[in-house]
Every structure is written in structure tokens, then in C-alpha cells.
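S.K.: I have a structure here, written as C-alpha cells, and I will follow up with some questions on it.
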Amino acid sequence: MPDPHLRLDALVKRYGAQAAVDGVSLDVARGECIALLGPSGCGKTTTLRLVAGFVAPDSGRILIGGRAVERDPPHRRAIGMVFQNYALFPHLTAAGNVAFGLEMRNVPRAERESRVAAALATVGLAALADRYPARMSGGQQQRVALARALVIRPELLLLDEPLSNLDAGLRVEMREEIARLRAQAGITTLFVTHDQEEALALADRVAVMDRGRIVECATPAALTEAPRHLFTARFLGARSVIEGRAESGAFHAASLPPIPLPAGARPTHLVLRAARLLLLPEGAAPDAPLAAPARIEAATRLDDAVHYEVALGPHRLRVRRPTDEPALVPGAHVILAAPPDAMSWIEDFETAGETA
């Protein structure tokens with residue numbers, strides 16, 4: 001990336017002996033949306049707070065538009081931020097909340113009123129300009145927070161778990177709204193989430209974090225189809241991971257038949273995608289790289305899919321099948337088949353005794 005809009009260069013933030021952020025480097029193109037995804041304590045929120053200027057790095061650089069800002073206070077970074085709890089002023093109306101940042105920047109009153117009205121219209125709240133936060137729903141408060149962040153025309157939009165306080169239905173609605181507004185504004189966006197579905201749906205690329213470091217940064221399609229790192233494969237839950245060894249051109253694992261490998265591949269783990277595995281009647285002989293007897297351990301229907309837990313020898317695998325297929329009950333014996341598009345391979349550097 002020749003000229004990134006946002007560059008994080010070897011950022012480090014320590015609290016005592018603990019490195020909350022440990023050498024994070026990331027380039028974000030202008031107009032790109034990047035999700036920082038990971039479990040609690042992985043460093044994603046601290047990374048966002050470093051970019052926002054709420055905490056200072058111990059070392060490393062933050063550049064926005066080529067300008068180093070790591071020592072600048074938040075109000076000099078041209079950043080709009082949406083907080084997890086929205087952080088609306090309860091004594092101000094929707095319009096007052098949206099106008100606050102413009103007032104702090106001494107924007108003339110006529111221009112301020114025009115921009116506030118346009119921002120509220122953009123998020124569908126023009127009719128609620130005079131309403132106070134206590135009389136708004138969670139989704140309406142979220143929209144006000146978005147309008148407040150966008151009205152200042154920031155260089156960079158930061159979102160901290162923006163949908164975590166909403167119920168499931170509203171979360172999907174607001175996810176679509178954020179995607180629409182971001183695309184309309186063409187604004188560079190960095191957002192933090194622990195929700196895999198949210199990250200994969202909203203982001204152009206997803207940076208998966210663990211223990212203060214970026215493990216892998218790739219497009220949602222690349223992470224879904226072929227994660228490169230073991231942590232990523234295990235963290236993204238719609239798949240199963242089987243450890244084994246490469247020998248004589250095949251992958252060998254407990255209770256599995258040898259699986260042919262691509263030329264030169266020496267993986268330590270097989271990753272199976274839940275939505276592409278097949279569950280066939282006993283005695284079936286599918287033309288697939290992996291086909292083996294298995295047993296249904298549990299079945300749960302969610303929306304338009306049935307989620308199965310399947311025992312394949314000592315392995316417990318996740319399988320997701322559409323509801324229009326005949327239902328399988330716990331205890332049923334089946335043939336589990338993995339066609340090529342259900343499989344990807346990982347060579348875990350620690351397991352293999354190599355370095356990345």
C-alpha cells in the first residue's frame with residue numbers, strides 16, 4: 001500500500017509488565033474499513049484508544065494522512081468516534097448532541113444548524129431533532145452518536161463495539177445503516193468488535209488480534225475460505241480444526257483415512273468449514289478427499305440451518321446443514337464427507353518448529 005491514509009507503525013502500550021499492545025503495525029487505505037476482531041483482552045480496544053489519542057503509546061508511530069499524530073491530543077486528530085455506550089449528553093437534545101463538536105470548533109451558527117439538520121436527516125432522525133436521549137430507543141441513540149461523529153467531517157471514523165448494546169434484530173438493522181453511511185461518506189473507518197459476523201459483514205479487511213498483536217489481516221473471504229493461522233481458524237467458530245501430520249503426500253490424523261495433499265504441502269492442521277461438510281447415509285461412498293463414518297452427537301436448529309455436533313473418532317466437528325434436508329437425530333450414524341471446498345490447510349509455525 002503506497003500511501004495509506006492511516007498507518008500504525010510498531011505500536012506498543014504497556015501497563016506494568018503487561019503489553020496490552022505489542023508491536024501492532026497496520027496500513028489502512030483511504031476509504032477502507034478495517035475491523036479489529038478478537039477475544040476480550042486481546043488489545044483491540046487499547047489499539048483504538050491509541051489511535052483516538054485517549055492513551056499515549058510507549059513507542060511506535062500513528063500517522064493520519066502522512067502526519068504523525070501520536071503525541072497530539074484527541075481534538076487535533078480530525079477523528080470522529082462512536083462509543084460503546086454512545087456517550088450522549090442527557091441534558092442536550094439530539095440536535096444539541098450532534099452540534100456539540102461543531103460548537104467546540106467554533107463553526108458559525110448558520111453553518112452549524114445546516115450541517116446538524118443534514119446529519120440528522122442522513123441517519124433518519126430529522127423529526128427527532130428536539131428529543132432528549134432519555135426518550136430515545138437504543139437504535140435512535142446510536143444514530144445520534146453516528147451523526148455526531150460524522151457531522152464534523154472527520155478524517156477517520158472510529159467505532160468502539162458500536163452494536164453491542166442493541167438487541168439482535170436492531171443490531172442487524174444498524175449494521176446495514178452503518179455500512180450505508182460509511183459508503184456514502186467514503187470515510188476511512190477503524191472499528192472494534194468481538195462479533196465475528198459483524199466484522200465479516202462490515203469490514204473490507206479484518207485484523208484478528210491475540211495477546212496484543214495482529215495475528216492475521218485479510219479480507220473476510222480470505223479469512224473464511226483459508227485462514228493462514230491456527231488462532232484465526234479456531235477463533236472463527238464456523239469451522240473445525242484437526243491436528244495431524246504430513247507424510248508421503250498425505251495428511252494423517254487419528255481415526256481419519258489418509259487425505260491426499262497438494263504438491264509440496266506439509267500442513268500440521270486440517271480446517272473444515274461447517275457449512276460445506278456433508279452428512280450422508282451409512283454406506284454412501286462419495287467422491288470426496290475425506291469420507292468417514294461418524295455419529296451425530298447433538299442437533300440445534302437456528303434460523304434456516306441445523307447445527308450439528310458430529311463425532312468422528314476422537315474429533316468433535318461442527319456441521320451446518322439447511323433445514324430443507326431430512327433432520328438427523330442424536331445417535332444417528334452417518335458418513336461425513338468433506339469435498340475440496342470444505343477443506344483448507346494450516347502449517348502452524350510453533351507446531352512445525354519454524355518461525356513466521
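Please note that chains go A, B, ... in the order of the C-alpha cells, that every chain numbers its residues from 1, and that ligands are numbered from 1 in the order shown.
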Using only C-alpha atoms, what does the table of range 211-296 of chain A residues within 8 Å of range 321-334 of chain A look like, with each row giving the shortest atom pair and its distance in Å to one decimal, sorted by chain and ascending number, as JSON lines?
M.R.:
```
{"residue": "A:Ala275", "atom": "CA", "partner": "A:Arg321", "partner_atom": "CA", "distance": 6.3}
{"residue": "A:Leu278", "atom": "CA", "partner": "A:Arg321", "partner_atom": "CA", "distance": 7.8}
{"residue": "A:Leu279", "atom": "CA", "partner": "A:Val334", "partner_atom": "CA", "distance": 6.1}
{"residue": "A:Leu280", "atom": "CA", "partner": "A:Val334", "partner_atom": "CA", "distance": 5.6}
{"residue": "A:Pro281", "atom": "CA", "partner": "A:Val334", "partner_atom": "CA", "distance": 5.1}
{"residue": "A:Glu282", "atom": "CA", "partner": "A:Val334", "partner_atom": "CA", "distance": 4.9}
{"residue": "A:Pro293", "atom": "CA", "partner": "A:Val334", "partner_atom": "CA", "distance": 5.9}
{"residue": "A:Ala294", "atom": "CA", "partner": "A:Val334", "partner_atom": "CA", "distance": 5.3}
{"residue": "A:Arg295", "atom": "CA", "partner": "A:His333", "partner_atom": "CA", "distance": 4.6}
{"residue": "A:Ile296", "atom": "CA", "partner": "A:Pro330", "partner_atom": "CA", "distance": 4.9}
```
S.K.: Please produce a file of the residues just selected, as a PDB file, in the first residue's frame, where the atoms kept are N, CA and C atoms.
M.R.:
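Result went into again-v6.pdb, see below:
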```pdb
ATOM      1  N   ALA A 275     -20.254 -25.239   7.019  1.00  0.00           N
ATOM      2  CA  ALA A 275     -21.351 -25.111   6.071  1.00  0.00           C
ATOM      3  C   ALA A 275     -21.140 -25.924   4.802  1.00  0.00           C
ATOM      4  N   LEU A 278     -20.706 -32.477   4.371  1.00  0.00           N
ATOM      5  CA  LEU A 278     -21.900 -33.229   4.016  1.00  0.00           C
ATOM      6  C   LEU A 278     -22.143 -34.345   5.019  1.00  0.00           C
ATOM      7  N   LEU A 279     -23.400 -34.614   5.314  1.00  0.00           N
ATOM      8  CA  LEU A 279     -23.792 -35.734   6.169  1.00  0.00           C
ATOM      9  C   LEU A 279     -24.648 -36.667   5.319  1.00  0.00           C
ATOM     10  N   LEU A 280     -24.101 -37.846   5.008  1.00  0.00           N
ATOM     11  CA  LEU A 280     -24.722 -38.771   4.068  1.00  0.00           C
ATOM     12  C   LEU A 280     -25.134 -40.057   4.780  1.00  0.00           C
ATOM     13  N   PRO A 281     -26.049 -40.831   4.180  1.00  0.00           N
ATOM     14  CA  PRO A 281     -26.477 -42.078   4.818  1.00  0.00           C
ATOM     15  C   PRO A 281     -25.330 -43.074   4.958  1.00  0.00           C
ATOM     16  N   GLU A 282     -25.437 -43.920   5.952  1.00  0.00           N
ATOM     17  CA  GLU A 282     -24.456 -45.002   6.113  1.00  0.00           C
ATOM     18  C   GLU A 282     -24.354 -45.804   4.825  1.00  0.00           C
ATOM     19  N   PRO A 293     -16.996 -42.779   8.511  1.00  0.00           N
ATOM     20  CA  PRO A 293     -18.165 -42.972   9.384  1.00  0.00           C
ATOM     21  C   PRO A 293     -18.132 -42.018  10.571  1.00  0.00           C
ATOM     22  N   ALA A 294     -19.296 -41.500  10.950  1.00  0.00           N
ATOM     23  CA  ALA A 294     -19.399 -40.554  12.053  1.00  0.00           C
ATOM     24  C   ALA A 294     -20.736 -40.734  12.750  1.00  0.00           C
ATOM     25  N   ARG A 295     -20.896 -40.043  13.866  1.00  0.00           N
ATOM     26  CA  ARG A 295     -22.106 -40.181  14.672  1.00  0.00           C
ATOM     27  C   ARG A 295     -22.599 -38.795  15.093  1.00  0.00           C
ATOM     28  N   ILE A 296     -23.905 -38.578  14.976  1.00  0.00           N
ATOM     29  CA  ILE A 296     -24.496 -37.310  15.398  1.00  0.00           C
ATOM     30  C   ILE A 296     -24.567 -37.284  16.929  1.00  0.00           C
TER      31      ILE A 296
END
```
S.K.: Could you list, as a PyMOL selection string, every residue within 12 Å of range 93-99 of chain A, counting only C-alpha atoms and ignoring same-chain residues fewer than 5 positions away?
M.R.: chain A and resi 80+82+86-88+104-121+123-136+140-152
S.K.: To one decimal place in Å, what is the distance between CA of Pro260 in chain A and CA of Thr224 in chain A?
M.R.: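 Distance reported for this atom pair: 22.0 Å.
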S.K.: Tell me, which residues of range 1-98 of chain A carry DSSP strand (DSSP E), written as a VMD selection string?
M.R.: chain A and resid 6 to 15 18 to 28 33 to 37 59 to 64 67 to 68 79 to 82
S.K.: Would you export the selected residues with N, CA and C atoms as a short mmCIF file (atom, residue, chain, number, x, y, z; two decimals), in the first residue's frame, please?
M.R.:
```cif
data_model
loop_
_atom_site.label_atom_id
_atom_site.label_comp_id
_atom_site.auth_asym_id
_atom_site.auth_seq_id
_atom_site.Cartn_x
_atom_site.Cartn_y
_atom_site.Cartn_z
N LEU A 6 -4.20 5.81 7.03
CA LEU A 6 -3.84 5.58 8.43
C LEU A 6 -2.72 4.56 8.48
N ARG A 7 -1.68 4.88 9.21
CA ARG A 7 -0.57 3.92 9.40
C ARG A 7 -0.27 3.80 10.89
N LEU A 8 -0.30 2.56 11.37
CA LEU A 8 0.17 2.23 12.71
C LEU A 8 1.50 1.51 12.54
N ASP A 9 2.52 2.03 13.18
CA ASP A 9 3.87 1.52 12.97
C ASP A 9 4.48 1.08 14.29
N ALA A 10 4.48 -0.24 14.51
CA ALA A 10 5.13 -0.85 15.68
C ALA A 10 4.66 -0.24 17.00
N LEU A 11 3.34 -0.10 17.14
CA LEU A 11 2.78 0.50 18.36
C LEU A 11 2.94 -0.44 19.55
N VAL A 12 3.36 0.14 20.67
CA VAL A 12 3.48 -0.62 21.91
C VAL A 12 2.85 0.21 23.04
N LYS A 13 2.03 -0.47 23.84
CA LYS A 13 1.48 0.15 25.05
C LYS A 13 1.53 -0.87 26.17
N ARG A 14 2.26 -0.51 27.23
CA ARG A 14 2.41 -1.42 28.37
C ARG A 14 1.71 -0.85 29.60
N TYR A 15 1.18 -1.75 30.39
CA TYR A 15 0.67 -1.42 31.72
C TYR A 15 1.44 -2.29 32.70
N GLN A 18 2.84 -5.89 31.60
CA GLN A 18 1.94 -6.45 30.60
C GLN A 18 1.87 -5.55 29.37
N ALA A 19 2.13 -6.12 28.20
CA ALA A 19 2.00 -5.39 26.94
C ALA A 19 0.58 -5.55 26.43
N ALA A 20 -0.24 -4.50 26.59
CA ALA A 20 -1.62 -4.55 26.07
C ALA A 20 -1.62 -4.49 24.56
N VAL A 21 -0.69 -3.72 24.00
CA VAL A 21 -0.47 -3.65 22.55
C VAL A 21 1.02 -3.90 22.33
N ASP A 22 1.33 -4.87 21.49
CA ASP A 22 2.71 -5.37 21.43
C ASP A 22 3.23 -5.37 19.99
N GLY A 23 3.59 -4.18 19.51
CA GLY A 23 4.19 -4.09 18.17
C GLY A 23 3.19 -4.13 17.04
N VAL A 24 2.04 -3.47 17.20
CA VAL A 24 1.00 -3.51 16.17
C VAL A 24 1.37 -2.58 15.02
N SER A 25 1.37 -3.13 13.81
CA SER A 25 1.58 -2.37 12.58
C SER A 25 0.42 -2.65 11.63
N LEU A 26 -0.10 -1.59 11.02
CA LEU A 26 -1.27 -1.74 10.15
C LEU A 26 -1.35 -0.54 9.22
N ASP A 27 -1.57 -0.79 7.94
CA ASP A 27 -1.82 0.26 6.96
C ASP A 27 -3.27 0.18 6.51
N VAL A 28 -3.95 1.33 6.50
CA VAL A 28 -5.35 1.41 6.10
C VAL A 28 -5.47 2.40 4.96
N CYS A 33 -12.45 0.21 5.33
CA CYS A 33 -12.99 -0.12 6.65
C CYS A 33 -12.28 -1.35 7.18
N ILE A 34 -11.65 -1.19 8.34
CA ILE A 34 -10.90 -2.28 8.97
C ILE A 34 -11.55 -2.61 10.31
N ALA A 35 -11.79 -3.88 10.55
CA ALA A 35 -12.28 -4.33 11.85
C ALA A 35 -11.13 -4.91 12.65
N LEU A 36 -11.05 -4.52 13.92
CA LEU A 36 -10.14 -5.16 14.87
C LEU A 36 -10.97 -6.18 15.63
N LEU A 37 -10.69 -7.44 15.40
CA LEU A 37 -11.51 -8.54 15.92
C LEU A 37 -10.67 -9.42 16.83
N SER A 59 5.84 3.40 22.60
CA SER A 59 6.70 3.53 21.43
C SER A 59 5.86 3.26 20.18
N GLY A 60 6.42 3.61 19.03
CA GLY A 60 5.70 3.43 17.78
C GLY A 60 5.09 4.74 17.30
N ARG A 61 4.53 4.69 16.09
CA ARG A 61 4.02 5.89 15.46
C ARG A 61 2.59 5.67 14.95
N ILE A 62 1.83 6.78 14.90
CA ILE A 62 0.50 6.81 14.32
C ILE A 62 0.48 7.95 13.32
N LEU A 63 0.22 7.63 12.06
CA LEU A 63 0.19 8.65 11.02
C LEU A 63 -1.19 8.68 10.36
N ILE A 64 -1.78 9.85 10.28
CA ILE A 64 -3.05 10.06 9.59
C ILE A 64 -2.79 11.02 8.45
N ARG A 67 0.71 12.45 8.44
CA ARG A 67 1.14 13.31 9.54
C ARG A 67 1.18 12.52 10.85
N ALA A 68 2.31 12.59 11.54
CA ALA A 68 2.44 11.88 12.82
C ALA A 68 1.57 12.57 13.87
N ILE A 79 -10.70 13.23 14.16
CA ILE A 79 -11.29 11.92 14.32
C ILE A 79 -12.72 12.06 14.84
N GLY A 80 -13.63 11.26 14.28
CA GLY A 80 -14.98 11.11 14.83
C GLY A 80 -15.08 9.75 15.49
N MET A 81 -15.68 9.70 16.67
CA MET A 81 -15.73 8.43 17.40
C MET A 81 -17.13 8.15 17.91
N VAL A 82 -17.52 6.87 17.78
CA VAL A 82 -18.78 6.39 18.35
C VAL A 82 -18.43 5.40 19.45
#
```
S.K.: Running DSSP on the backbone, which parts of range 69-201 of chain A land in helix (DSSP H, G or I), as a VMD selection string?
M.R.: chain A and resid 74 to 76 94 to 104 109 to 122 126 to 128 133 to 135 138 to 151 168 to 185 196 to 201
S.K.: For Thr45 in chain A, which residue out of A:Glu161, A:Asp287, A:Glu216, A:Asp72 is the nearest one, using only C-alpha atoms?
M.R.: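 Answer, going by the shortest atom-to-atom distance: A:Glu161.
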S.K.: Using only C-alpha atoms, which residues sit within 6 Å of His307 in chain A once same-chain residues fewer than 5 positions away are excluded, as a short mmCIF file (atom, residue, chain, number, x, y, z; two decimals) with N, CA and C atoms, in the first residue's frame?
M.R.:
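Contents of out.cif, as written:
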```cif
data_model
loop_
_atom_site.label_atom_id
_atom_site.label_comp_id
_atom_site.auth_asym_id
_atom_site.auth_seq_id
_atom_site.Cartn_x
_atom_site.Cartn_y
_atom_site.Cartn_z
N ALA A 299 -27.97 -31.82 17.89
CA ALA A 299 -28.53 -31.07 16.77
C ALA A 299 -29.33 -29.89 17.31
N THR A 300 -29.05 -28.70 16.78
CA THR A 300 -29.74 -27.49 17.22
C THR A 300 -30.17 -26.70 16.00
N VAL A 319 -20.97 -29.09 12.04
CA VAL A 319 -21.53 -29.21 10.69
C VAL A 319 -22.81 -28.39 10.66
N ARG A 320 -22.98 -27.60 9.61
CA ARG A 320 -24.20 -26.81 9.44
C ARG A 320 -24.87 -27.18 8.13
#
```
S.K.: Nearest to Leu270 in chain A among A:Phe54, A:Phe231, A:Trp345, A:Phe83, with distances taken over only C-alpha atoms: which residue is it?
M.R.: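 Under the stated criterion, the closest residue is A:Trp345.
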S.K.: With only C-alpha atoms as the counted atoms, please give the residues lying no more than 8 Å from Leu230 in chain A, apart from itself and same-chain residues fewer than 5 positions off, as a PyMOL selection string.
M.R.: chain A and resi 269+346+348
S.K.: Have a look at A:Leu170, A:Ala17, A:Cys42, A:Leu302 and name the one nearest to Arg211 in chain A; count only C-alpha atoms.
M.R.: A:Cys42
S.K.: Using only C-alpha atoms, can you tell me which of A:Arg77, A:Ala233, A:Gly186, A:Leu48 comes closest to Leu159 in chain A?
M.R.: A:Leu48
S.K.: Taking only C-alpha atoms into account, which of A:Thr268, A:Gly38, A:Arg76, A:Gly65 comes nearest Cys217 in chain A?
M.R.: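 Ranked by minimum distance to Cys217 in chain A, first place goes to A:Gly38.
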S.K.: Restricting the calculation to only C-alpha atoms: of A:Pro4, A:Gly66, A:Pro57, A:Pro257, which residue gets closest to Gly313 in chain A?
M.R.: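 Checking each candidate against Gly313 in chain A, we get A:Pro257 as the closest.
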S.K.: Considering only C-alpha atoms, return as a PDB file with N, CA and C atoms, in the first residue's frame whatever protein or nucleic-acid residues lie within 9 Å of Arg182 in chain A, sequence-local ones (same chain, fewer than 6 positions apart) excluded.
M.R.:
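Contents of out.pdb, as written:
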```
ATOM      1  N   GLY A  31     -10.653   5.524   2.699  1.00  0.00           N
ATOM      2  CA  GLY A  31     -11.974   4.984   2.440  1.00  0.00           C
ATOM      3  C   GLY A  31     -12.164   3.533   2.836  1.00  0.00           C
ATOM      4  N   CYS A  33     -12.450   0.210   5.327  1.00  0.00           N
ATOM      5  CA  CYS A  33     -12.990  -0.115   6.652  1.00  0.00           C
ATOM      6  C   CYS A  33     -12.281  -1.351   7.184  1.00  0.00           C
ATOM      7  N   LEU A 157     -13.030   7.670  11.052  1.00  0.00           N
ATOM      8  CA  LEU A 157     -14.151   7.300  11.926  1.00  0.00           C
ATOM      9  C   LEU A 157     -13.739   6.085  12.753  1.00  0.00           C
ATOM     10  N   THR A 188     -12.651   6.715   5.890  1.00  0.00           N
ATOM     11  CA  THR A 188     -11.789   5.669   6.428  1.00  0.00           C
ATOM     12  C   THR A 188     -12.273   5.302   7.829  1.00  0.00           C
ATOM     13  N   THR A 189     -12.424   4.003   8.079  1.00  0.00           N
ATOM     14  CA  THR A 189     -13.062   3.559   9.321  1.00  0.00           C
ATOM     15  C   THR A 189     -12.258   2.448   9.980  1.00  0.00           C
TER      16      THR A 189
END
```
S.K.: Arg239 in chain A: which residues within 6 Å, counting only C-alpha atoms, same-chain residues fewer than 6 positions away excluded, as a ChimeraX atom specification?
M.R.: /A:272-274
S.K.: Would you write out those residues with C-alpha atoms, as an mmCIF file, in the first residue's frame?
M.R.:
```cif
data_model
loop_
_atom_site.group_PDB
_atom_site.id
_atom_site.type_symbol
_atom_site.label_atom_id
_atom_site.label_comp_id
_atom_site.auth_asym_id
_atom_site.auth_seq_id
_atom_site.Cartn_x
_atom_site.Cartn_y
_atom_site.Cartn_z
ATOM 1 C CA LEU A 272 -13.082 -27.991 7.927
ATOM 2 C CA ARG A 273 -15.799 -25.445 7.113
ATOM 3 C CA ALA A 274 -19.049 -26.307 8.859
#
```
